Amino acid sequence: MNPLELTLGIMTAVGGFVDISELVFAAKAGSTFGFALVWVFAFSTVGIIVFSEMSGRVAAVAKQPVFSLMRHRLGLKLGLITLIASIISNLITCAAEIGGVALILNYLTGGPYLPMVIAVTVALIASIWVLPFKWVERAYGLLGLFMVVFAVALVANHPQWHQLAGGFVPQVPDGLSTKELLTFGYFAVAIVSAVMFPYEVYFYSSGGIEEGWSPKDILTNRLTSILGMGLGSLLAISILANSAVVFGPANVNPEIPGSAALEAAIPFGKWGLILALLGMFFAVAGAAVETCLANAYSIAQFFGWKWGRHKKPWEAPRFTVTWILLFVAALGIVLTGVDVMTLVEFAVLFSILVLPLTYLPLLLLSGDRAFMGRYINGAITKTLGWFYFCVVTVAAMVALPLYFLTSGGNG
């Protein structure tokens, strides 16, 4: 298998795990609770691997992306509700990513924020317009690998490795007050949501169809899901663990994206800071591309339009106009002056509410022999799929109460 075939998974994982929400929540989780939330990242990673593999297999065998299934399995009304909720969630997420890229560019260059927001949006639109889909994957996915500096920095920051290893065991820290327990619960739910963002599955399954996957690509899909999402998880856990070592003892609350870059700057100085910021820039920019295209894919697939970046822009005009307008709408949200971190919180909340409706039709179809033939879910995949569906359903039920009770994790 050509290693470049893995770039779809790399882009999905780097943009999905290490987007603006992960930079903030991973760093804040580490500074607040040390290594105690590492297990939530690991737990959620298994879930996104299961559903990514499932969506890629359905794309390869049934040639059906996720939102083509919504209308078929949920019916028009419920499917439309899911579509609207997904559009809102992804649009807010895209706005947060654009704002995050502009902030990082501001850190790198010192340029004013709002002009940076406009420049970033124009550059993202131009890159999607000009580059073929494979090169969109490769450009953002591979350049986002600058984020590996966080894993290297973790070694240089000398954590207590036995404590970090203990973080993989499900736990709730002892001695927490009721308020602290609620905050811990909020962070756990937010991490589940951020790791299992629905746009990752929309983008990944549509990308598999863009690349012309067939049943012979089942192994490629499985390896891409495991290795890509595993890499994303490693980077997110590295950010959390670095924060536990660097910010926790100093009682620093890393509330802005630039704080995470200091984790690499402390052991490696100026060049560590630059590499971290570059990795963040391309990872978050890749997430902006993913969320916008995922939204456009969803709308086009639901209504049966021609879609895909494998087509010339004028060959799928409604799809092309849709993703451009979505970028413009996300830009409009950022230009209102709303704080990027507020957008991050809203994006996480909306996404967790959409997750059950996203994964239910995928579970049903991937287990349907009439569609999948001999490629239906095996016993392990079926069990894990329904288990994680129950998890995200419970998370969706408690997300809003925890948000209000903890003032978004700040209470």
# chains A, B, ... in the order shown; residues from 1 in each chain; ligands from 1
$ residues_around --residues "Ala29 in chain A" --least-positions-apart "2" --cutoff "12 Å" --atoms "only C-alpha atoms" --output "ChimeraX atom specification"
/A:21-27,31-41,183-191,236-245,247-248,252-255,260,409-410
$ select_by_dssp --residues "range 100-201 of chain A" --states "alpha helix (DSSP H)" --output "VMD selection string"
chain A and resid 100 to 109 113 to 130 133 to 143 148 to 156 161 to 166 178 to 195 198 to 201
$ closest_residue --among "A:Cys292, A:Val348, A:Leu124, A:Ala283" --to "Leu143 in chain A" --atoms "only C-alpha atoms"
A:Ala283
$ residues_around --residues "range 390-399 of chain A" --least-positions-apart "6" --cutoff "7 Å" --atoms "only C-alpha atoms" --output "ChimeraX atom specification"
/A:189,349,352-353,355-356
$ write_last_selection --atoms "N, CA and C atoms" --output "JSON list (two decimals), in the first residue's frame"
[["chain", "number", "residue", "atom", "x", "y", "z"],
["A", 189, "VAL", "N", -17.02, 14.76, 29.21],
["A", 189, "VAL", "CA", -18.02, 14.81, 28.14],
["A", 189, "VAL", "C", -17.51, 15.64, 26.97],
["A", 349, "LEU", "N", -20.64, 21.54, 22.33],
["A", 349, "LEU", "CA", -21.99, 21.24, 22.83],
["A", 349, "LEU", "C", -22.91, 20.78, 21.70],
["A", 352, "ILE", "N", -22.03, 17.18, 20.36],
["A", 352, "ILE", "CA", -22.41, 16.03, 21.18],
["A", 352, "ILE", "C", -23.90, 15.75, 21.05],
["A", 353, "LEU", "N", -24.70, 16.79, 20.80],
["A", 353, "LEU", "CA", -26.14, 16.58, 20.61],
["A", 353, "LEU", "C", -26.44, 15.89, 19.28],
["A", 355, "LEU", "N", -24.30, 13.72, 17.75],
["A", 355, "LEU", "CA", -23.62, 12.42, 17.62],
["A", 355, "LEU", "C", -24.55, 11.21, 17.56],
["A", 356, "PRO", "N", -25.54, 11.08, 18.46],
["A", 356, "PRO", "CA", -26.39, 9.87, 18.38],
["A", 356, "PRO", "C", -27.09, 9.72, 17.04]]
$ residues_around --residues "Leu108 in chain A" --least-positions-apart "3" --cutoff "9 Å" --atoms "only C-alpha atoms" --output "PDB file with N, CA, C and O atoms, in the first residue's frame"
ATOM      1  N   LEU A 103      -5.685  33.525  14.943  1.00  0.00           N
ATOM      2  CA  LEU A 103      -4.948  33.775  16.188  1.00  0.00           C
ATOM      3  C   LEU A 103      -3.521  33.250  16.094  1.00  0.00           C
ATOM      4  O   LEU A 103      -2.565  33.932  16.499  1.00  0.00           O
ATOM      5  N   ILE A 104      -3.372  32.040  15.586  1.00  0.00           N
ATOM      6  CA  ILE A 104      -2.035  31.443  15.473  1.00  0.00           C
ATOM      7  C   ILE A 104      -1.181  32.244  14.504  1.00  0.00           C
ATOM      8  O   ILE A 104       0.016  32.469  14.735  1.00  0.00           O
ATOM      9  N   LEU A 105      -1.782  32.705  13.404  1.00  0.00           N
ATOM     10  CA  LEU A 105      -1.055  33.535  12.444  1.00  0.00           C
ATOM     11  C   LEU A 105      -0.648  34.855  13.100  1.00  0.00           C
ATOM     12  O   LEU A 105       0.433  35.388  12.835  1.00  0.00           O
ATOM     13  N   GLY A 111       0.609  40.298  13.048  1.00  0.00           N
ATOM     14  CA  GLY A 111      -0.359  41.045  12.270  1.00  0.00           C
ATOM     15  C   GLY A 111      -1.688  41.169  12.984  1.00  0.00           C
ATOM     16  O   GLY A 111      -2.008  40.378  13.870  1.00  0.00           O
ATOM     17  N   ILE A 274       8.235  27.849  17.293  1.00  0.00           N
ATOM     18  CA  ILE A 274       7.873  28.029  15.879  1.00  0.00           C
ATOM     19  C   ILE A 274       7.296  26.745  15.302  1.00  0.00           C
ATOM     20  O   ILE A 274       6.268  26.760  14.608  1.00  0.00           O
ATOM     21  N   LEU A 277       3.777  26.213  16.671  1.00  0.00           N
ATOM     22  CA  LEU A 277       2.808  27.122  16.058  1.00  0.00           C
ATOM     23  C   LEU A 277       2.525  26.738  14.612  1.00  0.00           C
ATOM     24  O   LEU A 277       1.376  26.816  14.152  1.00  0.00           O
ATOM     25  N   LEU A 278       3.559  26.314  13.878  1.00  0.00           N
ATOM     26  CA  LEU A 278       3.333  25.871  12.494  1.00  0.00           C
ATOM     27  C   LEU A 278       2.459  24.626  12.459  1.00  0.00           C
ATOM     28  O   LEU A 278       1.544  24.509  11.635  1.00  0.00           O
TER      29      LEU A 278
END
$ residues_around --residues "Ala265 in chain A" --least-positions-apart "5" --cutoff "9 Å" --atoms "only C-alpha atoms" --output "mmCIF file with all heavy atoms, in the first residue's frame"
data_model
loop_
_atom_site.group_PDB
_atom_site.id
_atom_site.type_symbol
_atom_site.label_atom_id
_atom_site.label_comp_id
_atom_site.auth_asym_id
_atom_site.auth_seq_id
_atom_site.Cartn_x
_atom_site.Cartn_y
_atom_site.Cartn_z
ATOM 1 N N ALA A 153 8.462 16.942 22.729
ATOM 2 C CA ALA A 153 8.575 17.812 23.901
ATOM 3 C C ALA A 153 8.193 17.086 25.185
ATOM 4 O O ALA A 153 8.747 17.355 26.249
ATOM 5 C CB ALA A 153 7.694 19.052 23.722
ATOM 6 N N LYS A 270 13.101 28.903 20.983
ATOM 7 C CA LYS A 270 12.442 29.593 19.872
ATOM 8 C C LYS A 270 11.977 28.631 18.797
ATOM 9 O O LYS A 270 10.841 28.727 18.298
ATOM 10 C CB LYS A 270 13.398 30.626 19.283
ATOM 11 C CG LYS A 270 12.882 31.317 18.032
ATOM 12 C CD LYS A 270 13.930 32.269 17.466
ATOM 13 C CE LYS A 270 13.472 32.885 16.149
ATOM 14 N NZ LYS A 270 14.500 33.795 15.591
ATOM 15 N N TRP A 271 12.836 27.679 18.417
ATOM 16 C CA TRP A 271 12.466 26.779 17.312
ATOM 17 C C TRP A 271 11.377 25.799 17.717
ATOM 18 O O TRP A 271 10.555 25.392 16.903
ATOM 19 C CB TRP A 271 13.701 26.046 16.780
ATOM 20 C CG TRP A 271 14.551 26.965 15.954
ATOM 21 C CD1 TRP A 271 15.757 27.510 16.283
ATOM 22 C CD2 TRP A 271 14.220 27.486 14.666
ATOM 23 N NE1 TRP A 271 16.208 28.336 15.282
ATOM 24 C CE2 TRP A 271 15.279 28.336 14.272
ATOM 25 C CE3 TRP A 271 13.135 27.318 13.806
ATOM 26 C CZ2 TRP A 271 15.283 29.013 13.051
ATOM 27 C CZ3 TRP A 271 13.134 27.992 12.587
ATOM 28 C CH2 TRP A 271 14.189 28.822 12.226
ATOM 29 N N GLY A 272 11.353 25.424 18.986
ATOM 30 C CA GLY A 272 10.251 24.598 19.460
ATOM 31 C C GLY A 272 8.938 25.338 19.373
ATOM 32 O O GLY A 272 7.911 24.778 18.968
ATOM 33 N N LEU A 273 8.965 26.636 19.737
ATOM 34 C CA LEU A 273 7.771 27.462 19.651
ATOM 35 C C LEU A 273 7.294 27.599 18.209
ATOM 36 O O LEU A 273 6.100 27.452 17.915
ATOM 37 C CB LEU A 273 8.056 28.845 20.245
ATOM 38 C CG LEU A 273 6.905 29.861 20.189
ATOM 39 C CD1 LEU A 273 5.752 29.400 21.062
ATOM 40 C CD2 LEU A 273 7.404 31.243 20.630
ATOM 41 N N ILE A 274 8.235 27.849 17.293
ATOM 42 C CA ILE A 274 7.873 28.029 15.879
ATOM 43 C C ILE A 274 7.296 26.745 15.302
ATOM 44 O O ILE A 274 6.268 26.760 14.608
ATOM 45 C CB ILE A 274 9.102 28.491 15.067
ATOM 46 C CG1 ILE A 274 9.485 29.918 15.467
ATOM 47 C CG2 ILE A 274 8.820 28.408 13.560
ATOM 48 C CD1 ILE A 274 10.773 30.407 14.844
ATOM 49 N N ALA A 276 5.848 24.312 16.918
ATOM 50 C CA ALA A 276 4.530 24.069 17.526
ATOM 51 C C ALA A 276 3.462 24.944 16.881
ATOM 52 O O ALA A 276 2.369 24.468 16.550
ATOM 53 C CB ALA A 276 4.594 24.328 19.028
#
$ closest_residue --among "A:Ile128, A:Leu223, A:Leu176, A:Val284" --to "Val50 in chain A" --atoms "only C-alpha atoms"
A:Leu223
